[in-house]
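K.L.:
Encoded as structure tokens, here's the structure I'll be asking about.
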Amino acid sequence: MDQQGQNGLLATYREGWRNRGVLGIAISMLLIAFYTVLYWEHKVEARFGVAPLTALSEGIGLRNRWYLYGLLYSVAMVGGAIYYLRRHGNSRYNRVRISVNVTIQIALGFTLPFVMPLFGGKEVYFSYFWPLKYDYLYPQTLESLPLYFAVYTVVGSLLAAPVLALVYGKRWYCSWVCGCGGLANTFGDPWRHLTSKSERSWRFEKVSIGIVLVLALVTTALIAVDWKIGAEHPTLHRIVAGNDWRDWSLKSFYGFAVGSILAGVVGTGLYPLFGPRVWCRNFCPMAALLGIIQKLGRYRITVKPGMCISCGNCSTYCEMGIDVRSYAQTDQSFTRASCVGCGMCAHMCPRGVLKLESTSRRRLSVIDS
Amino acid sequence: MRIVIIGNGVAGMEAAMAVREAEPAWDITLISEESDHFFSRTALMWVCCGQMSHRDIEPLERDAYARFGFHRVRARAVGVDTAGHRVHLAGGLEAVPYDRLLIASGSSPRRGPWPGSAAYGVGHFVTMQDLGWYENEIHGGASRGGGPPRADAHLAATTEDSPYRVRQAAAAVHGRLARKPAVIGGGLIGIEAVEVAVSAGLRPSFFIREEWFWPIALEPREAQWIGQRMSEHGVDVHLDHEVEALEVDPMGAVSAVKTDHGRYETDCVVIAIGVVPNTAWLADSGIELDDRGGIVVDEALQSSAPDVLAAGDCASVRWFDGSRRPEQLWYTARDQGRVAGRGLLGKRASYTRGTWYNSAKLMDIEYTTAGLVNWDLEGESSWFFEEDGRVRSTTRIVSQNDRVVGFNMLGRRWDHSVLLRWIEERRNLSWVLPRLREASFDTELVPPLQVPGA
């Protein structure tokens with residue numbers, strides 16, 4: 001039977017592992033350790049003489065440790081999805097959204113990239129777009145991709161993603177397709193209440209996500225310039241792309257700081273301490289870009305006037321740290337750039353005050369940044 | 001100008017913020033015995049089960065008093081000297097002088113009239129201190145979200161009859177948590193106390209005096225569904241039971257509920273038989289109270305005493321049907337607080353009550369009501385439709401003299417503002433039915449209600 005609100009009361013704060021208890025901290029440290037080894041296994045190998053993840057991958061018949069990561073990622077999403085659906089699966093929106101997201105991860109994020117090389121193809125990820133998958137718009141990368149996929153990624157990143165965000169909001173990507181968002185909403189769901197709702201955290205978010213977006217745009221642009229004229233300008237080439245993959249360059253810095261540290265180690269490693277959307281909220285350039293577009297588009301959260309009782313279930317369970325209650329209790333329908341449209345505020349609301357909408361029927365009363 | 005507000009609930013806090021917005025320099029003092037911070041009383045149940053923390057139910061950040069420049073007095077007000085313009089406090093604290101006073105002291109739970117009602121293990125579920133008691137009975141303490149800050153700060157300045165005193169839990173007397181809680185009173189607070197016990201894995205007994213659950217809001221077919229859902233969740237629902245006494249064991253803790261149908265063992269009792277205006281402390285102040293204890297106010301929320309206003313649950317206001325009663329609702333307290341804020345500023349404002357509406361969630365069933373239902377109107381007829389497919393819902397539309405006057409909906413979400421507009425436009429049933437979908441507020445992907453013949 002379909003229902004709209006959550007099914008029975010939740011015991012969120014009665015569970016230590018979900019509230020920065022010893023077990024929660026241990027899970028966080030384990031995740032950080034895992035990502036550190038995953039990204040810098042060559043350093044581990046140089047120091048200790050073993051490459052644990054590579055050894056394990058080869059032991060179970062996977063080509064390298066990135067396939068092991070993909071497998072673990074998919075398993076974590078499936079397990080998390082079961083956890084999530086047991087709590088919130090009585091809502092049709094939650095059920096459909098999580099099923100689609102997990103299916104896309106398993107099919108396009110793991111299986112297809114694993115299978116393609118078996119048939120002589122190049123492994124490509126259909127579910128990731130620039131600027132999240134930042135190198136997919138580097139001209140050097142595009143040159144090396146099969147033509148059909150180069151067209152797919154250019155059209156997807158520059159045309160389809162923005163247009164869909166205008167029509168449906170950024171949720172079409174962040175909550176239905178994206179693997180990062182998918183992991184956050186499944187494996188990360190137990191910790192969604194830990195995202196800070198303070199005004200300070202909102203100010204931090206606006207600055208930090210802006211910086212990463214600018215960095216992503218500048219890096220992509222300079223790499224394109226380097227592709228065009230780098231051969232005649234060795235100093236530029238050295239600074240932008242480096243002569244060797246070990247060189248510190250703008251390209252390798254972006255990959256290290258954003259791709260590895262912020263998206264992986266911090267983004268996932270801190271789930272049990274700061275909520276599951278640390279990366280998406282504060283650092284993801286794709287979320288930043290789609291968020292700006294979202295504010296120009298149709299998507300909004302409609303508030304039923306005069307019905308809010310200020311209980312705060314919506315704010316508590318907002319994984320993006322939006323103080324939804326502050327809008328609901330003042331009868332303001334709203335669009336926030338950071339909202340990923342997971343639908344949890346509407347799901348948790350005990351009075352049915354909130355509704356996610358992207359039809360053109362109702363008018364907005366406020367637009368807040 | 002010295003503004004004093006008794007009560008930092010939604011009415012008091014709305015008024016304080018309205019004054020501060022217009023007058024940055026005025027002296028504003030909020031007196032609250034119950035809590036350091038404004039919190040949402042409607043959210044106590046979620047704190048108790050662990051769905052939310054104490055911090056989560058506070059709509060403002062914790063530096064709000066400092067940011068708005070409000071003085072905080074954490075003490076019990078015990079009287080108002082209307083001639084001398086002073087509020088007297090318990091605990092020998094100095095009286096607080098005012099130029100304009102707002103009384104927004106809210107409700108207190110109606111005490112149990114039965115023998116044994118004061119035993120250990122018997123409490124209510126209305127105040128922050130009630131929450132602390134019930135948390136102790138069911139869970140042995142606050143969740144990992146922590147208890148309220150300075151929970152005992154008021155104990156130096158309180159009185160014996162205060163609804164904010166701290167009760168000792170029977171769990172502490174027995175040395176174990178509650179195993180078989182009982183809830184008396186078939187209304188909204190009652191079902192909340194029941195749900196909290198269910199979420200802790202218990203099978204509470206629910207004693208309801210009436211023939212069905214919540215008869216002021218639901219009719220038998222609707223209530224039967226709620227009752228069925230409660231039973232499915234392990235609640236022992238006892239309808240038509242008149243409680244006669246609470247039995248107390250030799251340790252002074254409650255041990256059984258005796259009703260006209262028999263004796264039921266228990267170790268924790270929540271009495272949820274309604275609330276009364278929290279105005280007993282005003283008895284000697286000369287401020288006029290009505291026979292329910294509500295502070296009599298005019299449209300501008302002025303009481304009978306000069307420079308004294310009242311708002312929220314403690315105020316008796318004029319209802320849409322002409323009667324004068326307190327309105328014990330969150331959103332009316334908020335609206336009254338805004339009107340009182342203008343009054344405190346010395347501006348004219350009047351409070352007018354629109355058509356009745358409300359919503360809630362009963363177990364996991366959504367409930368929306370608008371207009372007049374269950375009012376025994378002359379010439380009334382009801383259109384009732386029960387849907388039990390992918391969605392289960394009931395729709396009841398009440399008409400009087402061929403005009404729609406009320407809606408009572410379970411299982412789906414509805415935009416009450418559209419329903420209220422139809423009532424005001426005096427539409428008839430055959431006009432409303434084919435347009436019902438326009439008032440739907442279901443979440444995306446929920447199949448729409450198919451109304452027969454529309």
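Simple scheme: letters A, B, ... for chains in structure tokens order, numbers from 1 for residues in each chain, numbers from 1 for ligands in the order shown.
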Define the interface residues of chain A facing chain B as those within 8 Å, counting only C-alpha atoms, and report them as a ChimeraX atom specification.
P.N.:
/A:1-16,19,92-93,198,304-313,315-316,325-326,346,350-352,355-357
K.L.:
Give me the residues near range 203-208 of chain B as a PyMOL selection string, where near means some atom within 9 Å (using only C-alpha atoms) and where sequence neighbours in that chain fewer than 3 positions away do not count.
P.N.:
chain B and resi 179-187+190-191+194-195+197-198+211-214+233-243+259+264+266
K.L.:
Under the rule that only C-alpha atoms are counted, which of A:Ile301, A:Leu290, A:Val278, A:Val207 is the nearest residue to Ile261 in chain A?
P.N.:
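Going through A:Ile301, A:Leu290, A:Val278, A:Val207 one by one, the smallest distance to Ile261 in chain A is for A:Val278.
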K.L.:
State, in Å with one decimal place, the distance from CA of Ala118 in chain B to CA of Gln168 in chain B.
P.N.:
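CA of Gln168 in chain B lies at a distance of 10.7 Å from CA of Ala118 in chain B.
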K.L.:
Select, from B:Met251, B:Ala256, B:Leu345, B:Val432, the residue with the minimum atom-to-atom distance to Glu21 in chain B, counting only C-alpha atoms.
P.N.:
B:Leu345
K.L.:
With only C-alpha atoms as the counted atoms, please give the residues lying no more than 12 Å from Pro52 in chain A, apart from itself and same-chain residues fewer than 3 positions off, as a ChimeraX atom specification.
P.N.:
/A:34,36-38,40-45,48-49,55-59,64-65,68
K.L.:
For the selection just defined, write its residues with N, CA and C atoms to a file, as a PDB file, in the first residue's frame.
P.N.:
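After the write, result08.pdb holds the following:
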ATOM      1  N   PHE A  34      40.278   3.182   3.996  1.00  0.00           N
ATOM      2  CA  PHE A  34      40.028   2.487   2.737  1.00  0.00           C
ATOM      3  C   PHE A  34      40.308   3.396   1.544  1.00  0.00           C
ATOM      4  N   THR A  36      42.130   6.091   1.451  1.00  0.00           N
ATOM      5  CA  THR A  36      43.551   6.449   1.383  1.00  0.00           C
ATOM      6  C   THR A  36      44.340   5.366   0.655  1.00  0.00           C
ATOM      7  N   VAL A  37      44.077   4.113   1.008  1.00  0.00           N
ATOM      8  CA  VAL A  37      44.779   3.011   0.345  1.00  0.00           C
ATOM      9  C   VAL A  37      44.349   2.928  -1.122  1.00  0.00           C
ATOM     10  N   LEU A  38      43.074   3.141  -1.368  1.00  0.00           N
ATOM     11  CA  LEU A  38      42.567   3.031  -2.742  1.00  0.00           C
ATOM     12  C   LEU A  38      43.268   4.028  -3.667  1.00  0.00           C
ATOM     13  N   TRP A  40      46.075   5.914  -3.022  1.00  0.00           N
ATOM     14  CA  TRP A  40      47.535   6.010  -2.972  1.00  0.00           C
ATOM     15  C   TRP A  40      48.173   4.653  -2.683  1.00  0.00           C
ATOM     16  N   GLU A  41      47.638   3.638  -3.338  1.00  0.00           N
ATOM     17  CA  GLU A  41      48.145   2.290  -3.073  1.00  0.00           C
ATOM     18  C   GLU A  41      49.612   2.174  -3.474  1.00  0.00           C
ATOM     19  N   HIS A  42      50.026   2.935  -4.521  1.00  0.00           N
ATOM     20  CA  HIS A  42      51.435   2.849  -4.941  1.00  0.00           C
ATOM     21  C   HIS A  42      52.351   3.286  -3.803  1.00  0.00           C
ATOM     22  N   LYS A  43      51.897   4.246  -2.991  1.00  0.00           N
ATOM     23  CA  LYS A  43      52.732   4.682  -1.865  1.00  0.00           C
ATOM     24  C   LYS A  43      52.754   3.618  -0.768  1.00  0.00           C
ATOM     25  N   VAL A  44      51.603   3.000  -0.559  1.00  0.00           N
ATOM     26  CA  VAL A  44      51.543   1.911   0.429  1.00  0.00           C
ATOM     27  C   VAL A  44      52.478   0.786   0.002  1.00  0.00           C
ATOM     28  N   GLU A  45      52.428   0.491  -1.299  1.00  0.00           N
ATOM     29  CA  GLU A  45      53.259  -0.591  -1.821  1.00  0.00           C
ATOM     30  C   GLU A  45      54.753  -0.261  -1.673  1.00  0.00           C
ATOM     31  N   PHE A  48      55.372  -0.534   2.262  1.00  0.00           N
ATOM     32  CA  PHE A  48      55.201  -1.804   2.977  1.00  0.00           C
ATOM     33  C   PHE A  48      55.384  -3.033   2.091  1.00  0.00           C
ATOM     34  N   GLY A  49      55.534  -2.800   0.810  1.00  0.00           N
ATOM     35  CA  GLY A  49      55.785  -3.929  -0.076  1.00  0.00           C
ATOM     36  C   GLY A  49      54.548  -4.729  -0.448  1.00  0.00           C
ATOM     37  N   ALA A  55      45.857  -6.871  -4.700  1.00  0.00           N
ATOM     38  CA  ALA A  55      45.971  -8.305  -4.432  1.00  0.00           C
ATOM     39  C   ALA A  55      44.594  -8.934  -4.261  1.00  0.00           C
ATOM     40  N   LEU A  56      43.732  -8.248  -3.511  1.00  0.00           N
ATOM     41  CA  LEU A  56      42.391  -8.767  -3.260  1.00  0.00           C
ATOM     42  C   LEU A  56      41.587  -8.816  -4.570  1.00  0.00           C
ATOM     43  N   SER A  57      41.700  -7.751  -5.377  1.00  0.00           N
ATOM     44  CA  SER A  57      40.959  -7.708  -6.644  1.00  0.00           C
ATOM     45  C   SER A  57      41.353  -8.882  -7.523  1.00  0.00           C
ATOM     46  N   GLU A  58      42.674  -9.057  -7.677  1.00  0.00           N
ATOM     47  CA  GLU A  58      43.136 -10.133  -8.549  1.00  0.00           C
ATOM     48  C   GLU A  58      42.741 -11.488  -7.995  1.00  0.00           C
ATOM     49  N   GLY A  59      42.729 -11.570  -6.664  1.00  0.00           N
ATOM     50  CA  GLY A  59      42.334 -12.823  -6.024  1.00  0.00           C
ATOM     51  C   GLY A  59      40.915 -13.238  -6.362  1.00  0.00           C
ATOM     52  N   ASN A  64      41.434  -4.925 -11.797  1.00  0.00           N
ATOM     53  CA  ASN A  64      42.246  -4.078 -10.932  1.00  0.00           C
ATOM     54  C   ASN A  64      41.409  -3.586  -9.759  1.00  0.00           C
ATOM     55  N   ARG A  65      42.053  -2.783  -8.907  1.00  0.00           N
ATOM     56  CA  ARG A  65      41.366  -2.411  -7.669  1.00  0.00           C
ATOM     57  C   ARG A  65      40.175  -1.493  -7.915  1.00  0.00           C
ATOM     58  N   LEU A  68      37.201  -3.600  -8.027  1.00  0.00           N
ATOM     59  CA  LEU A  68      36.852  -3.998  -6.659  1.00  0.00           C
ATOM     60  C   LEU A  68      36.069  -2.872  -5.982  1.00  0.00           C
TER      61      LEU A  68
END
K.L.:
Would you pick out the contacts of Val154 in chain A at 9 Å or less, using only C-alpha atoms, so that residues sharing its chain but fewer than 2 positions from it are not included, and give the list as a PyMOL selection string?
P.N.:
chain A and resi 129-130+136-137+142+149-152+156-159
K.L.:
Write down as a ChimeraX atom specification the residues belonging to range 108-341 of chain A that are assigned helix (DSSP H, G or I) by DSSP computed on the backbone.
P.N.:
/A:108-119,134-137,139-144,147-168,171-174,179-185,189-194,199-229,234-240,250-269,271-274,278-282,285-296,313-316,324-328
K.L.:
Which residue, B:Lys347, B:Glu386, B:Gly274, B:Ser316, has the smallest gap to Asp298 in chain B when you use only C-alpha atoms?
P.N.:
B:Ser316
K.L.:
Can you work out the spacing between CA of Ala288 in chain A and CA of Cys174 in chain A in Å, to one decimal?
P.N.:
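CA of Ala288 in chain A sits 10.9 Å away from CA of Cys174 in chain A.
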K.L.:
So that I can see what lies close to Leu164 in chain A, please list as a list in words the residues with an atom at most 12 Å from it, counting only C-alpha atoms and leaving out residues fewer than 6 positions away in the same chain.
P.N.:
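So the residues in contact are Gly156, Ser157, Leu158, Lys170, Arg171, Trp172, Tyr173, Cys174, Leu290, Gly291, Ile293, Gln294, Leu296, Gly297, Arg298, Tyr299 and Ser358 of chain A.
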K.L.:
Write out, as a PDB file, in the first residue's frame, the residues just selected, with N, CA and C atoms.
P.N.:
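Heads up, here's the output in part_21.pdb:
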ATOM      1  N   GLY A 156      25.551  15.383 -23.352  1.00  0.00           N
ATOM      2  CA  GLY A 156      25.013  15.127 -22.013  1.00  0.00           C
ATOM      3  C   GLY A 156      25.408  16.215 -21.035  1.00  0.00           C
ATOM      4  N   SER A 157      26.691  16.595 -21.041  1.00  0.00           N
ATOM      5  CA  SER A 157      27.183  17.555 -20.063  1.00  0.00           C
ATOM      6  C   SER A 157      26.710  18.965 -20.347  1.00  0.00           C
ATOM      7  N   LEU A 158      26.735  19.350 -21.622  1.00  0.00           N
ATOM      8  CA  LEU A 158      26.492  20.757 -21.945  1.00  0.00           C
ATOM      9  C   LEU A 158      25.058  21.060 -22.342  1.00  0.00           C
ATOM     10  N   LYS A 170      17.699  19.834 -10.201  1.00  0.00           N
ATOM     11  CA  LYS A 170      18.913  19.030 -10.272  1.00  0.00           C
ATOM     12  C   LYS A 170      18.706  17.624  -9.747  1.00  0.00           C
ATOM     13  N   ARG A 171      17.561  17.386  -9.150  1.00  0.00           N
ATOM     14  CA  ARG A 171      17.298  16.050  -8.609  1.00  0.00           C
ATOM     15  C   ARG A 171      17.376  14.959  -9.675  1.00  0.00           C
ATOM     16  N   TRP A 172      17.038  15.307 -10.936  1.00  0.00           N
ATOM     17  CA  TRP A 172      17.067  14.259 -11.961  1.00  0.00           C
ATOM     18  C   TRP A 172      18.434  13.599 -11.955  1.00  0.00           C
ATOM     19  N   TYR A 173      19.483  14.400 -11.689  1.00  0.00           N
ATOM     20  CA  TYR A 173      20.817  13.822 -11.635  1.00  0.00           C
ATOM     21  C   TYR A 173      21.208  13.422 -10.214  1.00  0.00           C
ATOM     22  N   CYS A 174      21.157  14.395  -9.291  1.00  0.00           N
ATOM     23  CA  CYS A 174      21.737  14.204  -7.957  1.00  0.00           C
ATOM     24  C   CYS A 174      21.030  13.127  -7.133  1.00  0.00           C
ATOM     25  N   LEU A 290      24.359  22.722 -11.563  1.00  0.00           N
ATOM     26  CA  LEU A 290      22.937  22.381 -11.705  1.00  0.00           C
ATOM     27  C   LEU A 290      22.093  23.161 -10.703  1.00  0.00           C
ATOM     28  N   GLY A 291      22.696  23.506  -9.564  1.00  0.00           N
ATOM     29  CA  GLY A 291      21.967  24.285  -8.560  1.00  0.00           C
ATOM     30  C   GLY A 291      21.625  25.675  -9.070  1.00  0.00           C
ATOM     31  N   ILE A 293      21.279  26.471 -12.164  1.00  0.00           N
ATOM     32  CA  ILE A 293      20.248  26.278 -13.194  1.00  0.00           C
ATOM     33  C   ILE A 293      18.893  25.987 -12.547  1.00  0.00           C
ATOM     34  N   GLN A 294      18.931  25.208 -11.465  1.00  0.00           N
ATOM     35  CA  GLN A 294      17.689  24.842 -10.773  1.00  0.00           C
ATOM     36  C   GLN A 294      16.915  26.078 -10.322  1.00  0.00           C
ATOM     37  N   LEU A 296      16.743  28.829 -11.746  1.00  0.00           N
ATOM     38  CA  LEU A 296      16.116  29.506 -12.880  1.00  0.00           C
ATOM     39  C   LEU A 296      14.953  28.679 -13.432  1.00  0.00           C
ATOM     40  N   GLY A 297      14.853  27.439 -12.985  1.00  0.00           N
ATOM     41  CA  GLY A 297      13.894  26.519 -13.599  1.00  0.00           C
ATOM     42  C   GLY A 297      12.586  26.400 -12.825  1.00  0.00           C
ATOM     43  N   ARG A 298      11.910  25.288 -13.052  1.00  0.00           N
ATOM     44  CA  ARG A 298      10.550  25.127 -12.526  1.00  0.00           C
ATOM     45  C   ARG A 298      10.488  24.452 -11.161  1.00  0.00           C
ATOM     46  N   TYR A 299      11.547  23.736 -10.812  1.00  0.00           N
ATOM     47  CA  TYR A 299      11.480  22.923  -9.599  1.00  0.00           C
ATOM     48  C   TYR A 299      11.370  23.784  -8.344  1.00  0.00           C
ATOM     49  N   SER A 358       7.571  20.093 -10.064  1.00  0.00           N
ATOM     50  CA  SER A 358       8.249  20.734 -11.182  1.00  0.00           C
ATOM     51  C   SER A 358       7.284  20.974 -12.334  1.00  0.00           C
TER      52      SER A 358
END
